[in-house]
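One file, structure07.txt, carrying compact mmCIF, C-alpha atoms and all ligand atoms:
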# COMPACT_ATOMS: atom_id res chain seq x y z
CA MET T 1 -35.00 4.52 -18.14
CA ALA T 2 -33.77 4.30 -14.58
CA GLU T 3 -32.37 1.05 -13.25
CA VAL T 4 -32.01 -0.48 -9.80
CA ILE T 5 -28.40 -1.62 -9.68
CA TRP T 6 -28.33 -2.97 -6.15
CA GLY T 7 -30.35 -3.57 -3.02
CA LEU T 8 -28.95 -3.36 0.48
CA ALA T 9 -30.73 -4.70 3.53
CA THR T 10 -29.31 -3.57 6.84
CA SER T 11 -30.20 -3.03 10.45
CA HIS T 12 -30.47 0.59 11.53
CA VAL T 13 -29.88 0.25 15.28
CA PRO T 14 -28.73 3.61 16.73
CA SER T 15 -25.87 1.97 18.61
CA ILE T 16 -24.22 1.02 15.30
CA GLY T 17 -24.06 4.71 14.42
CA ALA T 18 -22.94 5.57 17.94
CA ALA T 19 -20.14 2.98 17.80
CA MET T 20 -18.90 4.60 14.59
CA ASP T 21 -19.35 8.15 15.85
CA ARG T 22 -17.35 7.32 18.99
CA GLY T 23 -14.59 5.38 17.26
CA LYS T 24 -15.50 2.04 18.83
CA THR T 25 -15.50 -0.07 15.68
CA GLU T 26 -12.39 -1.98 16.79
CA ASP T 27 -13.84 -2.62 20.25
CA PRO T 28 -14.15 -6.40 20.83
CA ASN T 29 -17.92 -6.07 21.25
CA TRP T 30 -18.24 -4.46 17.84
CA LYS T 31 -15.32 -5.60 15.68
CA ASP T 32 -17.05 -8.61 14.14
CA LEU T 33 -20.00 -6.48 13.05
CA PHE T 34 -17.82 -3.93 11.28
CA ASP T 35 -15.52 -6.59 9.83
CA GLY T 36 -18.69 -8.13 8.44
CA TYR T 37 -19.57 -4.84 6.72
CA ALA T 38 -16.19 -4.50 4.99
CA PRO T 39 -16.81 -6.62 1.85
CA ALA T 40 -20.17 -4.93 1.25
CA ARG T 41 -18.69 -1.49 1.70
CA ALA T 42 -15.85 -2.26 -0.71
CA TRP T 43 -18.28 -3.46 -3.39
CA LEU T 44 -20.62 -0.50 -2.84
CA ALA T 45 -17.72 1.93 -3.17
CA GLU T 46 -17.18 0.50 -6.69
CA HIS T 47 -20.89 0.71 -7.56
CA LYS T 48 -22.03 4.19 -6.71
CA PRO T 49 -25.60 4.87 -7.90
CA ASP T 50 -26.88 8.25 -9.02
CA VAL T 51 -29.57 8.20 -6.37
CA ALA T 52 -30.62 5.99 -3.44
CA ILE T 53 -34.04 5.15 -2.05
CA VAL T 54 -34.00 4.43 1.68
CA VAL T 55 -36.98 2.56 3.12
CA TYR T 56 -37.05 3.20 6.85
CA ASN T 57 -39.13 4.11 9.85
CA ASP T 58 -38.91 7.09 12.13
CA HIS T 59 -38.55 6.55 15.89
CA ALA T 60 -40.25 9.53 17.54
CA ASN T 61 -37.89 12.05 15.98
CA GLY T 62 -39.19 13.34 12.67
CA LEU T 63 -42.81 12.31 13.39
CA ASP T 64 -44.86 11.96 16.53
CA LEU T 65 -48.06 10.03 17.14
CA ASP T 66 -50.43 12.82 16.05
CA ILE T 67 -50.34 11.42 12.55
CA VAL T 68 -49.31 7.83 11.81
CA PRO T 69 -48.99 7.37 8.06
CA THR T 70 -48.78 3.75 7.04
CA PHE T 71 -46.56 4.64 4.07
CA GLY T 72 -44.94 7.98 3.26
CA ILE T 73 -42.44 9.53 0.88
CA GLY T 74 -40.21 12.58 1.25
CA THR T 75 -40.34 15.08 -1.60
CA ALA T 76 -37.88 17.64 -0.24
CA ASP T 77 -34.53 18.67 -1.66
CA HIS T 78 -32.94 18.62 1.78
CA TYR T 79 -33.52 16.59 4.96
CA ARG T 80 -31.97 17.76 8.20
CA VAL T 81 -30.53 15.21 10.61
CA ALA T 82 -32.81 15.08 13.67
CA ASP T 83 -31.80 15.78 17.25
CA GLU T 84 -32.96 12.57 18.93
CA GLY T 85 -32.45 13.97 22.43
CA TYR T 86 -28.68 14.24 22.67
CA GLY T 87 -27.87 16.52 19.74
CA PRO T 88 -27.91 15.50 16.06
CA ARG T 89 -25.42 12.91 14.80
CA GLN T 90 -22.40 14.61 13.34
CA VAL T 91 -23.05 13.37 9.83
CA PRO T 92 -24.00 15.30 6.70
CA ASP T 93 -27.56 16.39 6.10
CA VAL T 94 -29.31 14.38 3.41
CA ILE T 95 -29.79 15.83 -0.06
CA GLY T 96 -33.06 14.86 -1.70
CA ASP T 97 -34.19 14.33 -5.27
CA PRO T 98 -37.64 15.95 -5.46
CA GLU T 99 -38.08 15.18 -9.14
CA LEU T 100 -37.63 11.45 -8.62
CA SER T 101 -39.74 11.60 -5.44
CA LEU T 102 -42.65 13.16 -7.30
CA HIS T 103 -42.36 10.69 -10.15
CA LEU T 104 -42.38 7.77 -7.73
CA LEU T 105 -45.32 9.26 -5.87
CA GLU T 106 -47.40 9.65 -8.99
CA SER T 107 -46.58 6.17 -10.27
CA LEU T 108 -47.32 4.60 -6.91
CA VAL T 109 -50.60 6.45 -6.43
CA ASP T 110 -51.59 5.39 -9.95
CA GLU T 111 -50.98 1.83 -8.77
CA ASN T 112 -53.21 2.46 -5.73
CA PHE T 113 -50.44 2.90 -3.16
CA ASP T 114 -51.59 6.16 -1.56
CA LEU T 115 -48.46 7.43 0.14
CA THR T 116 -48.43 10.37 2.54
CA VAL T 117 -46.28 13.23 1.27
CA PHE T 118 -43.57 14.73 3.49
CA GLN T 119 -42.52 18.11 2.17
CA GLU T 120 -40.48 18.62 5.32
CA LEU T 121 -38.84 15.85 7.26
CA GLU T 122 -36.02 15.49 9.73
CA VAL T 123 -34.38 12.11 9.38
CA ASP T 124 -33.29 10.00 12.33
CA HIS T 125 -31.02 6.99 12.87
CA GLY T 126 -33.45 4.84 10.89
CA LEU T 127 -32.17 6.57 7.75
CA THR T 128 -28.70 7.84 8.71
CA VAL T 129 -27.34 4.61 10.23
CA PRO T 130 -27.91 2.66 6.98
CA LEU T 131 -26.12 5.46 5.10
CA SER T 132 -23.22 5.07 7.56
CA VAL T 133 -23.25 1.29 7.12
CA TRP T 134 -22.87 1.94 3.40
CA THR T 135 -20.45 4.87 3.67
CA PRO T 136 -18.51 5.03 6.94
CA GLU T 137 -16.60 8.19 6.02
CA PRO T 138 -18.95 10.41 4.04
CA GLY T 139 -16.89 13.58 4.49
CA ASP T 140 -19.03 16.59 3.62
CA ALA T 141 -21.75 14.72 1.78
CA TRP T 142 -23.34 11.30 1.37
CA PRO T 143 -22.48 9.54 -1.90
CA CYS T 144 -25.68 10.59 -3.70
CA PRO T 145 -29.12 12.16 -3.21
CA VAL T 146 -31.66 10.14 -1.27
CA VAL T 147 -35.42 9.60 -1.50
CA PRO T 148 -36.85 8.52 1.89
CA ILE T 149 -39.77 6.12 1.99
CA LEU T 150 -41.36 5.79 5.41
CA VAL T 151 -43.24 2.85 6.86
CA ASN T 152 -45.21 2.71 10.08
CA VAL T 153 -43.76 -0.20 12.01
CA ILE T 154 -44.27 1.27 15.48
CA GLN T 155 -48.03 1.35 15.92
CA TYR T 156 -50.15 -1.74 15.32
CA PRO T 157 -51.54 -2.45 12.76
CA GLN T 158 -48.37 -2.23 10.73
CA PRO T 159 -48.84 -2.85 7.00
CA THR T 160 -48.78 -6.52 6.10
CA ALA T 161 -45.65 -8.15 4.74
CA ALA T 162 -47.57 -8.88 1.54
CA ARG T 163 -48.48 -5.22 1.11
CA CYS T 164 -44.86 -4.19 1.65
CA TYR T 165 -43.67 -6.66 -0.96
CA ALA T 166 -46.32 -5.45 -3.42
CA LEU T 167 -45.33 -1.84 -2.74
CA GLY T 168 -41.73 -2.79 -3.50
CA GLN T 169 -42.78 -4.36 -6.79
CA ALA T 170 -44.71 -1.21 -7.72
CA LEU T 171 -41.69 0.85 -6.67
CA GLY T 172 -39.53 -1.18 -9.04
CA ARG T 173 -41.94 -0.45 -11.91
CA ALA T 174 -42.03 3.22 -10.94
CA ILE T 175 -38.23 3.40 -11.02
CA ARG T 176 -38.05 1.69 -14.41
CA SER T 177 -40.59 4.16 -15.83
CA TYR T 178 -38.51 7.18 -14.83
CA GLY T 179 -37.41 9.05 -17.93
CA ASP T 180 -33.87 9.87 -16.92
CA ASP T 181 -31.15 7.27 -17.36
CA VAL T 182 -30.16 7.06 -13.73
CA THR T 183 -28.84 4.24 -11.59
CA VAL T 184 -30.59 3.57 -8.30
CA GLY T 185 -29.60 1.80 -5.09
CA VAL T 186 -32.44 0.69 -2.80
CA LEU T 187 -31.96 0.23 0.92
CA GLY T 188 -34.37 -1.74 3.09
CA THR T 189 -33.62 -1.11 6.73
CA GLY T 190 -34.37 -2.39 10.22
CA GLY T 191 -34.33 -5.64 12.14
CA MET T 192 -33.38 -8.24 12.67
CA SER T 193 -35.21 -10.03 15.48
CA HIS T 194 -35.56 -8.03 18.68
CA GLN T 195 -37.98 -6.93 21.34
CA LEU T 196 -37.43 -3.91 23.57
CA ALA T 197 -40.27 -4.00 26.12
CA GLY T 198 -42.29 -6.49 28.15
CA ALA T 199 -41.35 -9.67 29.94
CA ARG T 200 -39.96 -11.01 26.66
CA ALA T 201 -37.56 -8.03 26.23
CA GLY T 202 -34.20 -9.20 24.93
CA PHE T 203 -35.85 -11.81 22.72
CA ILE T 204 -33.68 -12.74 19.74
CA ASN T 205 -34.41 -15.56 17.29
CA PRO T 206 -31.33 -16.51 15.24
CA GLU T 207 -33.11 -19.42 13.52
CA PHE T 208 -35.78 -17.09 12.22
CA ASP T 209 -33.19 -14.51 11.19
CA LYS T 210 -31.14 -17.09 9.24
CA MET T 211 -34.29 -18.25 7.50
CA TRP T 212 -35.13 -14.64 6.66
CA LEU T 213 -31.63 -13.94 5.28
CA GLU T 214 -31.89 -16.98 3.03
CA LYS T 215 -35.41 -16.33 1.79
CA ILE T 216 -35.06 -12.61 1.24
CA GLU T 217 -32.67 -13.57 -1.54
CA LYS T 218 -34.31 -16.67 -2.99
CA ASP T 219 -37.96 -16.70 -2.01
CA PRO T 220 -39.19 -13.30 -0.83
CA ALA T 221 -42.78 -14.26 -1.71
CA ALA T 222 -42.66 -16.82 1.11
CA LEU T 223 -41.75 -14.07 3.58
CA ALA T 224 -44.54 -11.92 2.19
CA GLY T 225 -46.91 -14.66 3.31
CA LEU T 226 -46.07 -14.23 6.99
CA SER T 227 -48.81 -12.68 9.10
CA ARG T 228 -48.32 -9.76 11.45
CA GLU T 229 -48.81 -12.11 14.37
CA GLU T 230 -46.22 -14.58 13.08
CA LEU T 231 -43.74 -11.74 12.61
CA ILE T 232 -44.26 -10.36 16.12
CA ARG T 233 -44.08 -13.84 17.61
CA GLU T 234 -41.01 -14.97 15.67
CA ALA T 235 -39.09 -11.72 15.21
CA GLY T 236 -40.27 -9.79 18.29
CA SER T 237 -42.48 -6.73 18.65
CA GLU T 238 -39.79 -4.50 17.13
CA GLY T 239 -38.36 -7.16 14.79
CA ILE T 240 -41.52 -6.81 12.71
CA GLU T 241 -39.74 -3.87 11.07
CA LEU T 242 -38.09 -6.50 8.86
CA ILE T 243 -41.11 -5.99 6.59
CA MET T 244 -39.21 -2.99 5.22
CA TRP T 245 -36.65 -5.35 3.67
CA LEU T 246 -39.48 -6.70 1.51
CA ILE T 247 -40.06 -3.27 -0.07
CA MET T 248 -36.41 -3.19 -1.12
CA ARG T 249 -36.54 -6.76 -2.37
CA GLY T 250 -39.78 -6.20 -4.27
CA ALA T 251 -38.14 -3.38 -6.23
CA MET T 252 -35.48 -5.80 -7.48
CA ALA T 253 -35.57 -8.49 -10.15
CA ASP T 254 -36.83 -11.99 -9.35
CA GLU T 255 -33.28 -13.31 -9.58
CA VAL T 256 -30.58 -11.40 -7.78
CA THR T 257 -26.97 -12.23 -6.99
CA LYS T 258 -25.91 -12.06 -3.40
CA VAL T 259 -22.73 -10.03 -3.05
CA HIS T 260 -22.34 -10.44 0.69
CA SER T 261 -24.26 -11.06 3.87
CA HIS T 262 -23.38 -11.11 7.53
CA TYR T 263 -25.17 -11.75 10.81
CA PHE T 264 -24.13 -10.44 14.18
CA LEU T 265 -25.50 -10.18 17.69
CA PRO T 266 -26.04 -8.31 19.82
CA ALA T 267 -25.99 -4.77 18.48
CA SER T 268 -27.60 -3.10 21.47
CA ASN T 269 -30.67 -5.34 22.00
CA THR T 270 -30.84 -6.44 18.41
CA ALA T 271 -29.62 -9.09 16.06
CA ALA T 272 -28.02 -7.15 13.21
CA GLY T 273 -28.02 -8.34 9.63
CA ILE T 274 -26.64 -7.05 6.37
CA ALA T 275 -27.39 -8.45 2.92
CA LEU T 276 -26.24 -6.90 -0.34
CA PHE T 277 -27.68 -7.96 -3.68
CA ASP T 278 -26.53 -7.17 -7.22
CA ASN T 279 -29.58 -6.54 -9.41
CA ARG T 280 -27.73 -7.04 -12.67
CA ALA T 281 -27.90 -10.81 -12.56
CA PRO T 282 -28.84 -12.57 -15.80
CA GLN T 283 -32.58 -13.29 -15.72
CA PRO T 284 -34.05 -16.66 -16.70
CA ALA T 285 -35.34 -16.60 -20.26
CA MET P 1 -46.72 22.00 21.77
CA THR P 2 -49.70 24.29 22.26
CA ALA P 3 -52.58 24.06 24.67
CA ALA P 4 -54.87 24.01 21.65
CA ALA P 5 -53.18 20.87 20.40
CA LEU P 6 -53.63 19.26 23.79
CA ALA P 7 -57.27 20.28 23.99
CA VAL P 8 -58.19 17.87 21.24
CA ALA P 9 -56.45 14.95 22.94
CA PRO P 10 -58.60 11.89 23.51
CA PRO P 11 -60.37 11.25 26.80
CA SER P 12 -58.20 10.83 29.85
CA PRO P 13 -56.66 7.37 30.20
CA THR P 14 -58.01 7.26 33.73
CA SER P 15 -60.79 4.73 33.66
CA LYS P 16 -62.70 2.88 36.31
CA GLY P 17 -60.63 0.35 38.14
CA SER P 18 -57.03 -0.31 37.28
CA PRO P 19 -55.81 0.62 33.83
CA MET P 20 -55.70 -2.25 31.41
CA SER P 21 -52.27 -3.57 30.77
CA THR P 22 -50.87 -3.15 27.30
CA ASN P 23 -50.48 -6.91 27.19
CA GLU P 24 -54.21 -7.33 27.28
CA THR P 25 -55.25 -4.85 24.62
CA GLY P 26 -53.83 -6.46 21.52
CA GLY P 27 -57.31 -7.52 20.59
CA ARG P 28 -56.91 -10.41 18.22
CA LEU P 29 -53.21 -10.58 18.90
CA ASN P 30 -51.76 -12.16 22.00
CA VAL P 31 -48.06 -12.93 22.19
CA PRO P 32 -47.04 -13.72 25.77
CA GLY P 33 -44.75 -11.15 27.40
CA THR P 34 -45.16 -8.85 24.44
CA PRO P 35 -46.82 -5.44 24.75
CA ILE P 36 -48.61 -4.58 21.52
CA PHE P 37 -48.56 -0.85 20.89
CA ASP P 38 -51.93 -0.74 19.19
CA GLY P 39 -54.48 1.98 18.54
CA GLN P 40 -56.14 1.84 21.98
CA THR P 41 -52.76 1.85 23.70
CA SER P 42 -51.69 4.82 21.61
CA ARG P 43 -54.90 6.68 22.50
CA ARG P 44 -54.28 6.00 26.18
CA GLY P 45 -50.67 7.10 25.94
CA LEU P 46 -51.06 10.08 23.63
CA ARG P 47 -50.42 12.80 26.21
CA LEU P 48 -47.61 10.85 27.86
CA ASN P 49 -45.96 10.23 24.51
CA LYS P 50 -46.41 13.89 23.52
CA MET P 51 -44.61 14.91 26.68
CA LEU P 52 -41.81 12.42 26.06
CA MET P 53 -41.53 13.66 22.47
CA SER P 54 -41.05 17.20 23.76
CA PHE P 55 -37.72 16.11 25.28
CA ARG P 56 -36.19 16.42 21.84
CA SER P 57 -35.51 20.05 22.72
CA ALA P 58 -32.85 20.95 25.28
CA GLU P 59 -34.98 23.80 26.60
CA ASN P 60 -37.83 21.41 27.39
CA ARG P 61 -35.47 18.95 29.05
CA GLU P 62 -34.35 21.75 31.35
CA ARG P 63 -37.89 22.84 32.15
CA PHE P 64 -38.84 19.26 32.98
CA ALA P 65 -35.81 18.83 35.24
CA ALA P 66 -36.67 22.05 37.08
CA ASP P 67 -40.16 20.84 38.07
CA GLU P 68 -41.15 17.40 36.81
CA ALA P 69 -44.66 17.37 38.27
CA ALA P 70 -45.50 20.79 36.86
CA TYR P 71 -44.24 19.73 33.46
CA CYS P 72 -46.44 16.61 33.57
CA ALA P 73 -49.39 18.78 34.54
CA GLU P 74 -48.74 21.08 31.62
CA PHE P 75 -49.13 18.08 29.31
CA GLN P 76 -52.28 16.98 31.19
CA LEU P 77 -51.00 13.54 32.06
CA ALA P 78 -53.34 11.29 34.02
CA PRO P 79 -52.39 11.05 37.69
CA GLU P 80 -51.05 7.51 37.35
CA GLN P 81 -49.01 8.51 34.32
CA THR P 82 -47.51 11.40 36.28
CA GLN P 83 -46.75 9.06 39.15
CA ALA P 84 -45.09 6.56 36.84
CA VAL P 85 -42.90 9.32 35.39
CA LEU P 86 -41.96 10.74 38.80
CA ASP P 87 -41.20 7.23 40.12
CA ARG P 88 -39.38 6.20 36.95
CA ASP P 89 -41.69 3.20 36.91
CA TRP P 90 -40.75 2.09 33.40
CA THR P 91 -43.10 -0.88 33.32
CA ALA P 92 -46.03 1.30 34.38
CA MET P 93 -45.19 3.85 31.70
CA ILE P 94 -45.45 1.10 29.07
CA ASP P 95 -48.67 -0.22 30.63
CA LEU P 96 -50.15 3.29 30.62
CA GLY P 97 -49.65 3.72 26.91
CA GLY P 98 -46.05 4.81 26.58
CA SER P 99 -44.31 3.69 23.41
CA ILE P 100 -40.88 2.26 24.13
CA PHE P 101 -39.30 4.69 21.65
CA TYR P 102 -40.82 7.62 23.54
CA VAL P 103 -40.19 6.22 27.02
CA TYR P 104 -36.57 5.73 26.03
CA LYS P 105 -36.17 9.50 25.65
CA LEU P 106 -36.74 9.89 29.39
CA ALA P 107 -34.38 7.00 30.10
CA MET P 108 -31.68 8.70 28.03
CA MET P 109 -32.11 11.91 30.02
CA ASP P 110 -31.44 9.85 33.14
CA GLY P 111 -28.37 8.29 31.53
CA ARG P 112 -30.09 4.91 31.35
CA SER P 113 -29.50 2.49 28.49
CA MET P 114 -31.93 0.27 26.60
CA GLN P 115 -30.22 -2.67 28.33
CA TYR P 116 -31.02 -1.13 31.70
CA LEU P 117 -34.68 -0.89 30.65
CA GLY P 118 -34.54 -4.47 29.39
CA GLY P 119 -33.31 -5.53 32.81
CA VAL P 120 -36.18 -3.67 34.48
CA PHE P 121 -38.77 -5.29 32.20
CA THR P 122 -37.37 -8.76 32.85
CA GLY P 123 -36.43 -8.48 36.52
CA MET P 124 -32.68 -8.51 35.95
CA THR P 125 -29.81 -6.17 36.47
CA GLU P 126 -28.47 -4.36 33.44
CA GLU P 127 -25.35 -6.59 33.57
CA GLU P 128 -27.39 -9.78 33.69
CA PHE P 129 -29.56 -8.62 30.83
CA LEU P 130 -26.53 -7.67 28.76
CA ALA P 131 -24.94 -11.05 29.48
CA GLU P 132 -28.04 -12.78 28.15
CA LEU P 133 -27.92 -10.71 24.98
CA ARG P 134 -24.24 -11.52 24.49
CA ALA P 135 -25.02 -15.19 25.01
CA GLY P 136 -27.30 -15.06 21.97
CA GLY P 137 -30.36 -13.28 23.27
CA ARG P 138 -33.32 -14.47 25.27
CA ARG P 139 -35.71 -17.02 23.84
CA GLY P 140 -39.40 -16.48 24.28
FE FE X 1 -36.42 0.86 13.66
Would you mind writing the structure in this file as structure tokens?
Amino acid sequence: MAEVIWGLATSHVPSIGAAMDRGKTEDPNWKDLFDGYAPARAWLAEHKPDVAIVVYNDHANGLDLDIVPTFGIGTADHYRVADEGYGPRQVPDVIGDPELSLHLLESLVDENFDLTVFQELEVDHGLTVPLSVWTPEPGDAWPCPVVPILVNVIQYPQPTAARCYALGQALGRAIRSYGDDVTVGVLGTGGMSHQLAGARAGFINPEFDKMWLEKIEKDPAALAGLSREELIREAGSEGIELIMWLIMRGAMADEVTKVHSHYFLPASNTAAGIALFDNRAPQPA
Amino acid sequence: MTAAALAVAPPSPTSKGSPMSTNETGGRLNVPGTPIFDGQTSRRGLRLNKMLMSFRSAENRERFAADEAAYCAEFQLAPEQTQAVLDRDWTAMIDLGGSIFYVYKLAMMDGRSMQYLGGVFTGMTEEEFLAELRAGGRRG
């Protein structure tokens, strides 16, 4: 049976990738962010899973607005890195795991989560920046194959936080019912609070973010109770993408051990958070 | 992007009177100063967003630069959408249904940053906007 060994929540702001790609990680505007990643990266390097599931959203690169799937899953064996308008990031393409994808799909559909299937998909910063946060120097290949799970967070109505958390819980069951004895890392990406457009552009809410960082570990069900309106009001119109962290968290055990977390702002227009959880914590009897 | 694909686009966003602002179309949801990119907004902005999406290819970026108005016409933008693009009226593009992630593609072609756009949306210079972010962000 497959096992989730860790969960990583991280922002996926393009500028984090750009700072790495352009060698700016020691720049005073960035140093604290990357210093904050170091303990998580060191632990992750010691705990390499066989496969990773990355929960993310596309930003007008792999998908357009012709079709807006609320939830989707990639089933390809290879995902090219998208050209977002200035040439693709110079990072490895992503290798998929179609067998696991198709197992997850079937299990999730059986649990009434009707995901859209992506047989072809170009992945953008939403997926590659978290991989870079995890593995700054991938060389020729990322540490392991990846299954992308996509969430519509761009066009209202986004799925509810409760639905995301429930999907995560079903994802956890789907992983545990996989026949092969593989270890799995789950990444929930996006956030934290930010708003890009409108008179409230530049909105950041550190109090909300700190609350979120605390509760994602200890009381994710409370976060799942937040309404769409509360999320947009408190986290900003783009900060609502934090709901993707709940899919990651739902796939983990009730009790997890925090390995490391860090909060930084601003990364571009965004408050950036990282939280790494060990899923092998002893469970209450 | 084929003409056939464009032919099935929803009705023109041009409506009687002035176009509704994105701020006012959130239906049940109203967060001050916060455009909600909802279904009606996305319908209104579909052609504009399709055009902005096309800038993923270098060839299209060059064709746009060669004749911006003709390129807008090819994508059947509404007149006020075309005007907003030609004028680089970023606020109008959002009001006329542009998604910020799509509008940003045009900004990038112009060498503009997301902080520059933030300044435009809030009536600040890019430097002022950036200073507010570095001071902990703006509170709503
Ligand atoms: Fe995002």
- Could you give me, as a count of residues only, the residues within 6 Å of stretch 139-152 of chain T, counting all atoms listed in the file and dropping anything in the same chain fewer than 4 positions from it? 18
Near-ligand residues for ligand FE 1 (chain X), threshold 10 Å, all atoms listed in the file, as a ChimeraX atom specification: /T:11-14,56-59,124-127,151-154,189-192,238-242,244 /P:101
**Prompt:** chain P residues within 8 Å of chain T, counting all atoms listed in the file: which ones, as a ChimeraX atom specification?
**Reply:** /P:29,31-39,42,46,49-50,53,55-58,91,94,100-102,105,108-109,114-115,117-118,121-122,129,132-134,136-140
task: With a distance cut-off of 10 Å and all atoms listed in the file, select the neighbouring residues of T:Gly250, excluding the residue or stretch itself and same-chain residues fewer than 3 positions from it, and output the selection as a list in words.
output: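 Once the adjacent positions are removed, what remains is Gly7, Cys164, Tyr165, Ala166, Leu167, Gly168, Gln169, Ala170, Leu171, Gly172, Arg173, Ile216, Pro220, Ala221, Ala224, Trp245, Leu246, Ile247, Ala253 and Asp254 of chain T.
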Between atom CA of P:Tyr104 and atom CA of T:Leu121, distance in Å (one decimal):
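Separation between atom CA of P:Tyr104 and atom CA of T:Leu121: 21.4 Å.
Here atom CA of T:Met20 stands at a distance of 27.9 Å from atom CA of T:Glu217.
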From atom CA of T:Leu108 to atom CA of T:Ala174 the spacing works out at 6.8 Å
*So which one's closest to T:Ser107, T:Ser15, T:Thr10, T:Gln90, T:Ser177? Using only C-alpha atoms, please.*
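Closest candidate: T:Ser177.
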| field | Nearby residues (only C-alpha atoms) at most 8 Å from T:Asp181, same-chain spacing under 4 positions excluded, as a ChimeraX atom specification | value | /T:1-3
